[in-house]
Amino acid sequence: METITGRKFRPKWVTGLRPRLEKIMKEGIRRGSLIGRGRIISDMLEVTALVFTEEETNAGVRVNGRKVEFTYPVKGNETFGEIYYPLVGMLSNL
């Protein structure tokens, strides 16, 4: 009997996140969470939506087929780089 193991998707690139996050950061960011949606295309994750909410949630990623939903907590006093790079790391290791 053979055992077939499923391979986890490991995207190499995350696109669409930077401009959406820059827009949110320009509007001002406080303590809360970033909630986003995206889709998997080949070896890339394309972020299609990103919104800020004042509700505090834990970091998490949910994958359903090729659709991806994620949440990321924000402390409010973080710089762009302190949010962007850890978020890209989280999304590139689904």
# chains A, B, ... in the order shown; residues from 1 in each chain; ligands from 1
>>> select_by_dssp(residues="region 51-89 of chain A", states="helix (DSSP H, G or I)", output="VMD selection string")
chain A and resid 80 to 89
>>> write_last_selection(atoms="C-alpha atoms", output="PDB file, in the first residue's frame")
ATOM      1  CA  PHE A  80       5.852  50.102   7.403  1.00  0.00           C
ATOM      2  CA  GLY A  81       8.819  47.732   7.472  1.00  0.00           C
ATOM      3  CA  GLU A  82       7.868  46.300  10.863  1.00  0.00           C
ATOM      4  CA  ILE A  83       4.502  45.247   9.411  1.00  0.00           C
ATOM      5  CA  TYR A  84       5.331  44.499   5.768  1.00  0.00           C
ATOM      6  CA  TYR A  85       8.299  42.128   6.061  1.00  0.00           C
ATOM      7  CA  PRO A  86       6.885  39.799   8.761  1.00  0.00           C
ATOM      8  CA  LEU A  87       3.546  39.723   6.893  1.00  0.00           C
ATOM      9  CA  VAL A  88       5.264  38.766   3.624  1.00  0.00           C
ATOM     10  CA  GLY A  89       7.180  36.080   5.514  1.00  0.00           C
TER      11      GLY A  89
END
>>> residues_around(residues="Arg39 (chain A)", least_positions_apart="4", cutoff="6 Å", atoms="only C-alpha atoms", output="JSON, numbers by chain")
{"A": [45, 46, 66, 67, 68]}
>>> write_last_selection(atoms="N, CA and C atoms", output="PDB file, in the first residue's frame")
ATOM      1  N   LEU A  45       1.353  34.259  -4.663  1.00  0.00           N
ATOM      2  CA  LEU A  45       0.142  34.654  -3.949  1.00  0.00           C
ATOM      3  C   LEU A  45      -0.149  36.102  -4.306  1.00  0.00           C
ATOM      4  N   GLU A  46      -1.299  36.339  -4.919  1.00  0.00           N
ATOM      5  CA  GLU A  46      -1.711  37.694  -5.282  1.00  0.00           C
ATOM      6  C   GLU A  46      -2.710  38.197  -4.242  1.00  0.00           C
ATOM      7  N   ARG A  66      -7.790  27.629  -3.947  1.00  0.00           N
ATOM      8  CA  ARG A  66      -6.831  28.654  -4.360  1.00  0.00           C
ATOM      9  C   ARG A  66      -7.105  30.003  -3.697  1.00  0.00           C
ATOM     10  N   LYS A  67      -8.128  30.070  -2.872  1.00  0.00           N
ATOM     11  CA  LYS A  67      -8.452  31.306  -2.166  1.00  0.00           C
ATOM     12  C   LYS A  67      -7.768  31.335  -0.809  1.00  0.00           C
ATOM     13  N   VAL A  68      -7.260  32.504  -0.441  1.00  0.00           N
ATOM     14  CA  VAL A  68      -6.532  32.668   0.811  1.00  0.00           C
ATOM     15  C   VAL A  68      -7.135  33.837   1.583  1.00  0.00           C
TER      16      VAL A  68
END
>>> select_by_dssp(residues="region 42-79 of chain A", states="strand (DSSP E)", output="VMD selection string")
chain A and resid 44 to 53 60 to 64 67 to 74
>>> write_last_selection(atoms="N, CA, C and O atoms", output="short mmCIF file (atom, residue, chain, number, x, y, z; two decimals), in the first residue's frame")
data_model
loop_
_atom_site.label_atom_id
_atom_site.label_comp_id
_atom_site.auth_asym_id
_atom_site.auth_seq_id
_atom_site.Cartn_x
_atom_site.Cartn_y
_atom_site.Cartn_z
N MET A 44 2.73 31.90 -6.96
CA MET A 44 2.62 33.27 -6.47
C MET A 44 1.31 33.44 -5.69
O MET A 44 0.30 32.83 -6.03
N LEU A 45 1.35 34.26 -4.66
CA LEU A 45 0.14 34.65 -3.95
C LEU A 45 -0.15 36.10 -4.31
O LEU A 45 0.67 36.98 -4.06
N GLU A 46 -1.30 36.34 -4.92
CA GLU A 46 -1.71 37.69 -5.28
C GLU A 46 -2.71 38.20 -4.24
O GLU A 46 -3.78 37.61 -4.08
N VAL A 47 -2.35 39.25 -3.53
CA VAL A 47 -3.24 39.85 -2.55
C VAL A 47 -4.24 40.72 -3.30
O VAL A 47 -3.87 41.63 -4.04
N THR A 48 -5.54 40.41 -3.15
CA THR A 48 -6.58 41.11 -3.91
C THR A 48 -7.32 42.14 -3.07
O THR A 48 -7.95 43.04 -3.62
N ALA A 49 -7.26 42.03 -1.75
CA ALA A 49 -7.95 42.98 -0.87
C ALA A 49 -7.23 43.03 0.47
O ALA A 49 -6.73 42.02 0.95
N LEU A 50 -7.17 44.24 1.04
CA LEU A 50 -6.57 44.43 2.36
C LEU A 50 -7.28 45.58 3.04
O LEU A 50 -7.38 46.67 2.47
N VAL A 51 -7.80 45.33 4.23
CA VAL A 51 -8.49 46.38 5.00
C VAL A 51 -7.97 46.37 6.43
O VAL A 51 -7.48 45.37 6.93
N PHE A 52 -8.09 47.53 7.07
CA PHE A 52 -7.71 47.67 8.47
C PHE A 52 -8.98 47.71 9.31
O PHE A 52 -9.95 48.37 8.95
N THR A 53 -8.98 47.00 10.42
CA THR A 53 -10.10 47.04 11.35
C THR A 53 -9.54 47.24 12.75
O THR A 53 -8.42 46.83 13.04
N GLY A 60 -3.19 34.78 11.42
CA GLY A 60 -3.65 33.50 10.91
C GLY A 60 -3.86 33.54 9.42
O GLY A 60 -4.09 34.60 8.84
N VAL A 61 -3.77 32.35 8.82
CA VAL A 61 -3.99 32.21 7.39
C VAL A 61 -4.93 31.03 7.18
O VAL A 61 -4.77 29.98 7.79
N ARG A 62 -5.91 31.23 6.31
CA ARG A 62 -6.85 30.16 5.98
C ARG A 62 -6.84 29.98 4.46
O ARG A 62 -7.03 30.95 3.72
N VAL A 63 -6.59 28.76 4.00
CA VAL A 63 -6.53 28.46 2.58
C VAL A 63 -7.68 27.53 2.24
O VAL A 63 -7.88 26.51 2.88
N ASN A 64 -8.44 27.91 1.21
CA ASN A 64 -9.56 27.10 0.74
C ASN A 64 -9.41 26.98 -0.77
O ASN A 64 -9.79 27.90 -1.49
N LYS A 67 -8.13 30.07 -2.87
CA LYS A 67 -8.45 31.31 -2.17
C LYS A 67 -7.77 31.33 -0.81
O LYS A 67 -7.72 30.33 -0.11
N VAL A 68 -7.26 32.50 -0.44
CA VAL A 68 -6.53 32.67 0.81
C VAL A 68 -7.14 33.84 1.58
O VAL A 68 -7.42 34.88 1.00
N GLU A 69 -7.35 33.65 2.87
CA GLU A 69 -7.78 34.73 3.77
C GLU A 69 -6.76 34.79 4.90
O GLU A 69 -6.31 33.75 5.38
N PHE A 70 -6.41 36.01 5.32
CA PHE A 70 -5.42 36.13 6.39
C PHE A 70 -5.74 37.32 7.28
O PHE A 70 -6.41 38.26 6.88
N THR A 71 -5.27 37.22 8.53
CA THR A 71 -5.37 38.32 9.49
C THR A 71 -3.99 38.53 10.08
O THR A 71 -3.21 37.58 10.22
N TYR A 72 -3.71 39.78 10.42
CA TYR A 72 -2.41 40.12 10.99
C TYR A 72 -2.59 41.23 12.01
O TYR A 72 -3.14 42.28 11.69
N PRO A 73 -2.17 41.02 13.26
CA PRO A 73 -2.35 42.04 14.30
C PRO A 73 -1.40 43.21 14.12
O PRO A 73 -0.26 43.04 13.69
N VAL A 74 -1.87 44.41 14.45
CA VAL A 74 -1.07 45.63 14.36
C VAL A 74 -1.08 46.30 15.73
O VAL A 74 -2.15 46.47 16.32
#
>>> atom_distance(atom1="CA of Glu55 (chain A)", atom2="CA of Ser33 (chain A)")
6.2 Å
>>> closest_residue(among="A:Ala59, A:Gly76, A:Arg18, A:Ser92", to="Gly32 (chain A)", atoms="only C-alpha atoms")
A:Gly76
>>> atom_distance(atom1="CA of Lys75 (chain A)", atom2="CA of Glu56 (chain A)")
9.1 Å
>>> atom_distance(atom1="CA of Leu94 (chain A)", atom2="CA of Gly28 (chain A)")
28.4 Å
